[in-house]
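Visitor: One structure is given below, represented as structure tokens, and several questions about it will come after.
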Amino acid sequence: MQTNEDGSTTIGVGLISVGWMGRLHSRAYSNLRYVYPELKIKPRLVHAADPAPARAQEAVEALGYERAGADYRDVLNDPEVDVVSICAPNFLHAEIGIAAAEAGKHFWIEKPVGRGEGETRSVAEAAAEAGVISSIGFNYRHAPAVEHLRAIIARGELGRITNVRGQMFADYSSDPRGALSWRFVRGLAGNGVLGDLMGHLVDLVQYTLGPIAEVSALTSRVYTERPELPMGTGTHFAVIEEGADVEMKPVENEDYAAMLVRLSGAAVAAGAVGTLEASRVAVGPRASYGIEVYGTEGSALWDFERMNELRLSGGLGAENQGYTRVMAHPGMGDFGRFQPGSGTSMGYDDLKVIEAKKFLQAVLGREHLGSNIQDALSAAQVVTAAERSAEARRWETIAPVSGTTAAMRA
């Protein structure tokens, strides 16, 4: 890191994997100085790594990195790299996260951090030992409407929270001809929709309401086999045409998961219960990631497909019954940094700019407002407990994790 004559700080950025998410992280760093000029943080895109030559070349020619290569270790060993974004496939997250910590690099890593609680804990321990700052790709928590929801729950405006409903329904695997990517292979992905989508939902619940203490779960595999594609030739969105000469291979993890949960006594919503569902094969929803919170004096509903809105209902004594549509506005979260007024919507990419801002502020020793590796560990514990529960058909208790950003009682 370098302090400049104008008081700004230049931070050297490394990137591991130049896919969709790698591009998104890079744009977030580049946009930071325009969205938050008063922070005087100037990310410098230094070094990228991707084993695909075309993507490494793209990192330099399109994204603006000064150099690129095939080996992620070269990024971690680069003395001009201060922070690193880890956007590789899920099965490489833990390996690279541990290596980043051991190299003394602060890291922003996509979820899930590991294939279950064990790998995630290993990354958390490495980060703690090295004393590096971490940030997790739990981007939905940064939506201004979600930040507003968290605030009104904490202020008690919904009364005592009684129950929560959440769902993360996507259709990216709803076509049975969808290709068998690494996401369906247990040795590579670990669990299926539990790690891929339910982890996001668990974080959303814990960030707004507080830690989950108990879980009872069930899972199902809707499609037991899929047509195989050679590794690296397609994504989990790829669909094989009818009649194509491909081999069918087994799907090794779950397509759907449901959980009953009880929140801990330390949660803002202490004692509340709820139901959480996740599916990657839902027909209809594209990215229906939502949460419904019910209290003794009101309720609130939010869905990512309508990211810039929150539906609020007052208590029984309210003059107007039913739900009011509240639109995101400059008074909510970071909305005003992107749009001047309600009705001009923020987008998914903007959430990553907020995430980058919170990450780099923490790296510079300023505010620690973003997610961290302890949040990732807490979510992984819940997901792993849910997997055990589904297999054994019993309730599982989850140990509390210290140092998270979960909504806790004062």
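Going through the structure tokens in order, the chains are called A, B, and so on, while each chain numbers its residues from 1 and the ligands are numbered from 1 in the order shown.
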Would you pick out the contacts of Leu197 of chain A at 10 Å or less, using only C-alpha atoms, so that residues sharing its chain but fewer than 2 positions from it are not included, and give the list as an MDAnalysis selection string?

Guide: chainID A and resid 111:112 167:170 192:195 199:202 256:257 277:280 289

Visitor: Would you save the residues of that selection, restricted to N, CA, C and O atoms, as an mmCIF file, in the first residue's frame?

Guide:
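What landed in result20.cif:
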```
data_model
loop_
_atom_site.group_PDB
_atom_site.id
_atom_site.type_symbol
_atom_site.label_atom_id
_atom_site.label_comp_id
_atom_site.auth_asym_id
_atom_site.auth_seq_id
_atom_site.Cartn_x
_atom_site.Cartn_y
_atom_site.Cartn_z
ATOM 1 N N LYS A 111 -18.412 -17.144 -1.739
ATOM 2 C CA LYS A 111 -18.934 -18.249 -0.950
ATOM 3 C C LYS A 111 -19.254 -19.435 -1.878
ATOM 4 O O LYS A 111 -19.428 -19.244 -3.074
ATOM 5 N N PRO A 112 -19.342 -20.650 -1.322
ATOM 6 C CA PRO A 112 -18.943 -20.993 0.032
ATOM 7 C C PRO A 112 -17.416 -21.012 0.151
ATOM 8 O O PRO A 112 -16.722 -21.401 -0.788
ATOM 9 N N GLN A 167 -36.591 -17.925 1.248
ATOM 10 C CA GLN A 167 -36.410 -18.848 0.139
ATOM 11 C C GLN A 167 -35.354 -18.310 -0.821
ATOM 12 O O GLN A 167 -35.212 -17.100 -0.988
ATOM 13 N N MET A 168 -34.604 -19.232 -1.388
ATOM 14 C CA MET A 168 -33.682 -18.902 -2.460
ATOM 15 C C MET A 168 -33.946 -19.910 -3.572
ATOM 16 O O MET A 168 -33.438 -21.033 -3.565
ATOM 17 N N PHE A 169 -34.792 -19.506 -4.496
ATOM 18 C CA PHE A 169 -35.227 -20.363 -5.584
ATOM 19 C C PHE A 169 -34.647 -19.859 -6.902
ATOM 20 O O PHE A 169 -34.853 -18.706 -7.277
ATOM 21 N N ALA A 170 -33.928 -20.727 -7.579
ATOM 22 C CA ALA A 170 -33.350 -20.407 -8.888
ATOM 23 C C ALA A 170 -33.699 -21.519 -9.863
ATOM 24 O O ALA A 170 -34.018 -22.642 -9.462
ATOM 25 N N GLY A 192 -24.856 -29.724 -2.493
ATOM 26 C CA GLY A 192 -25.405 -29.058 -3.675
ATOM 27 C C GLY A 192 -25.999 -27.711 -3.351
ATOM 28 O O GLY A 192 -25.283 -26.756 -3.031
ATOM 29 N N VAL A 193 -27.329 -27.626 -3.400
ATOM 30 C CA VAL A 193 -27.985 -26.342 -3.199
ATOM 31 C C VAL A 193 -27.816 -25.832 -1.771
ATOM 32 O O VAL A 193 -27.910 -24.626 -1.522
ATOM 33 N N LEU A 194 -27.510 -26.717 -0.822
ATOM 34 C CA LEU A 194 -27.254 -26.262 0.553
ATOM 35 C C LEU A 194 -26.078 -25.285 0.598
ATOM 36 O O LEU A 194 -26.169 -24.218 1.213
ATOM 37 N N GLY A 195 -24.981 -25.654 -0.045
ATOM 38 C CA GLY A 195 -23.814 -24.778 -0.043
ATOM 39 C C GLY A 195 -23.927 -23.641 -1.028
ATOM 40 O O GLY A 195 -23.454 -22.524 -0.783
ATOM 41 N N GLY A 199 -26.547 -21.230 1.839
ATOM 42 C CA GLY A 199 -25.567 -20.461 2.589
ATOM 43 C C GLY A 199 -25.841 -18.969 2.537
ATOM 44 O O GLY A 199 -25.687 -18.251 3.534
ATOM 45 N N HIS A 200 -26.254 -18.473 1.362
ATOM 46 C CA HIS A 200 -26.630 -17.069 1.218
ATOM 47 C C HIS A 200 -27.822 -16.749 2.119
ATOM 48 O O HIS A 200 -27.854 -15.717 2.802
ATOM 49 N N LEU A 201 -28.827 -17.630 2.100
ATOM 50 C CA LEU A 201 -30.044 -17.384 2.876
ATOM 51 C C LEU A 201 -29.763 -17.411 4.369
ATOM 52 O O LEU A 201 -30.286 -16.585 5.120
ATOM 53 N N VAL A 202 -28.931 -18.343 4.807
ATOM 54 C CA VAL A 202 -28.546 -18.396 6.219
ATOM 55 C C VAL A 202 -27.882 -17.086 6.630
ATOM 56 O O VAL A 202 -28.184 -16.518 7.688
ATOM 57 N N TYR A 256 -32.701 -29.712 -3.855
ATOM 58 C CA TYR A 256 -33.650 -28.950 -3.022
ATOM 59 C C TYR A 256 -33.335 -29.208 -1.559
ATOM 60 O O TYR A 256 -32.945 -30.310 -1.163
ATOM 61 N N ALA A 257 -33.504 -28.189 -0.724
ATOM 62 C CA ALA A 257 -33.309 -28.339 0.717
ATOM 63 C C ALA A 257 -34.301 -27.448 1.456
ATOM 64 O O ALA A 257 -34.650 -26.357 0.999
ATOM 65 N N GLU A 277 -36.033 -22.382 2.634
ATOM 66 C CA GLU A 277 -36.016 -23.309 1.506
ATOM 67 C C GLU A 277 -35.049 -22.821 0.434
ATOM 68 O O GLU A 277 -34.910 -21.617 0.222
ATOM 69 N N ALA A 278 -34.434 -23.765 -0.262
ATOM 70 C CA ALA A 278 -33.573 -23.429 -1.397
ATOM 71 C C ALA A 278 -33.736 -24.485 -2.478
ATOM 72 O O ALA A 278 -33.856 -25.678 -2.187
ATOM 73 N N SER A 279 -33.762 -24.034 -3.723
ATOM 74 C CA SER A 279 -33.876 -24.949 -4.856
ATOM 75 C C SER A 279 -33.106 -24.395 -6.042
ATOM 76 O O SER A 279 -33.107 -23.190 -6.277
ATOM 77 N N ARG A 280 -32.447 -25.300 -6.777
ATOM 78 C CA ARG A 280 -31.786 -24.905 -8.025
ATOM 79 C C ARG A 280 -32.556 -25.410 -9.229
ATOM 80 O O ARG A 280 -32.114 -25.231 -10.368
ATOM 81 N N TYR A 289 -34.795 -14.605 -4.281
ATOM 82 C CA TYR A 289 -34.086 -14.724 -3.017
ATOM 83 C C TYR A 289 -34.766 -13.776 -2.035
ATOM 84 O O TYR A 289 -34.547 -12.562 -2.089
#
```

Visitor: Taking the chain letters and numbering used in this document, name the residues of segment 276-337 of chain A that DSSP puts in strand (DSSP E or B), as a ChimeraX atom specification.

Guide: /A:276-279,287-295,299-303,309-313,324-327

Visitor: Give me, please, the distance in Å between atom CA of Val382 of chain A and atom CA of Val215 of chain A, quoted to one decimal.

Guide: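 Computed distance, atom CA of Val382 of chain A to atom CA of Val215 of chain A, equals 7.4 Å.
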
Visitor: Pick the closest to Glu367 of chain A from A:Gly322, A:Asp303, A:Leu39, A:Tyr207: which is it, counting only C-alpha atoms?

Guide: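 Among the listed residues, the smallest separation from Glu367 of chain A belongs to A:Leu39.
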
Visitor: Identify which of the residues A:Val18, A:Gly159, A:Ser345, A:Arg73 lies closest to Val60 of chain A, counting only C-alpha atoms when measuring atom-to-atom distances.

Guide: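 Ranking A:Val18, A:Gly159, A:Ser345, A:Arg73 by distance to Val60 of chain A, first place goes to A:Val18.
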
Visitor: Taking only segment 96-332 of chain A into account, list the residues labelled helix (DSSP H, G or I) by DSSP (computed from the backbone), as a ChimeraX atom specification.

Guide: /A:96-102,117-130,139-142,144-154,182-184,186-189,193-208,304-306

Visitor: For Val401 of chain A, find every residue with an atom within 10 Å (counting only C-alpha atoms), except residues of its own chain fewer than 2 positions away, and show them as a count of residues only.

Guide: 12

Visitor: Need to verify the contact set: Val185 of chain A, 12 Å, only C-alpha atoms, exclusion of same-chain residues closer than 3 positions in sequence. Can you return it as a list in words?

Guide: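 In the requested format, the answer is Asn90, Phe91, Arg115, Ala179, Leu180, Ser181, Trp182, Leu188, Ala189, Gly190, Asn191, Gly192, Val193, Thr224, Glu225, Arg226, Glu228, Met231, His236, Lys249, Pro250, Val251, Glu252, Asn253, Glu254 and Asp255 of chain A.
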
Visitor: Write out as a VMD selection string the residues lying within 12 Å of Val268 of chain A, counting only C-alpha atoms and excluding same-chain residues fewer than 4 positions away.

Guide: chain A and resid 150 to 156 158 to 162 205 to 212 263 to 264 272 295 405 to 410

Visitor: Find the spatial neighbours of segment 26-32 of chain A, counting only C-alpha atoms, within a cut-off of 7 Å - ignore same-chain residues fewer than 6 positions away - and output them as a PyMOL selection string.

Guide: chain A and resi 43+63+352-353+356-357

Visitor: Just how far from atom CA of Ala54 of chain A is atom CA of Arg177 of chain A, in Å to one decimal?

Guide: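 These two atoms are separated by 28.0 Å.
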
Visitor: Excluding same-chain residues fewer than 2 positions from Val293 of chain A, what lies within 6 Å of it counting only C-alpha atoms, as a PyMOL selection string?

Guide: chain A and resi 164+299-300

Visitor: Tell me which of A:Pro176, A:Gly271, A:Pro144, A:Pro227 sits closest to Gly331 of chain A, counting only C-alpha atoms.

Guide: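 Looking at the shortest contact to Gly331 of chain A, the residue is A:Pro144.
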
Visitor: One decimal, in Å: what's the spacing between atom CA of Ala270 of chain A and atom CA of Asn163 of chain A?

Guide: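 Between atom CA of Ala270 of chain A and atom CA of Asn163 of chain A the gap works out to 10.2 Å.
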
Visitor: Tell me which of A:Asn308, A:Thr384, A:Ser216, A:Ser371 sits closest to Gly347 of chain A, counting only C-alpha atoms.

Guide: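 Under the stated criterion, the closest residue is A:Asn308.
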
Visitor: Show me a table, sorted first by chain and then by increasing residue number, of the residues of segment 3-94 of chain A having an atom at most 12 Å from segment 128-132 of chain A, each with its shortest atom pair and the distance in Å to one decimal, counting only C-alpha atoms and written as a tab-separated table.

Guide:
```
residue	atom	partner	partner_atom	distance
A:Asp82	CA	A:Val132	CA	10.5
A:Val83	CA	A:Val132	CA	9.6
A:Val84	CA	A:Val132	CA	11.2
```

Visitor: Go ahead and write the residues just picked, N, CA and C atoms, as a PDB file, in the first residue's frame.

Guide:
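What landed in result23.pdb:
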```
ATOM      1  N   ASP A  82      -1.524  -6.224  -2.425  1.00  0.00           N
ATOM      2  CA  ASP A  82      -1.878  -6.062  -1.016  1.00  0.00           C
ATOM      3  C   ASP A  82      -3.119  -6.880  -0.648  1.00  0.00           C
ATOM      4  N   VAL A  83      -4.075  -6.932  -1.565  1.00  0.00           N
ATOM      5  CA  VAL A  83      -5.326  -7.655  -1.334  1.00  0.00           C
ATOM      6  C   VAL A  83      -5.585  -8.537  -2.543  1.00  0.00           C
ATOM      7  N   VAL A  84      -6.324  -9.632  -2.323  1.00  0.00           N
ATOM      8  CA  VAL A  84      -6.599 -10.550  -3.420  1.00  0.00           C
ATOM      9  C   VAL A  84      -8.065 -10.949  -3.419  1.00  0.00           C
TER      10      VAL A  84
END
```
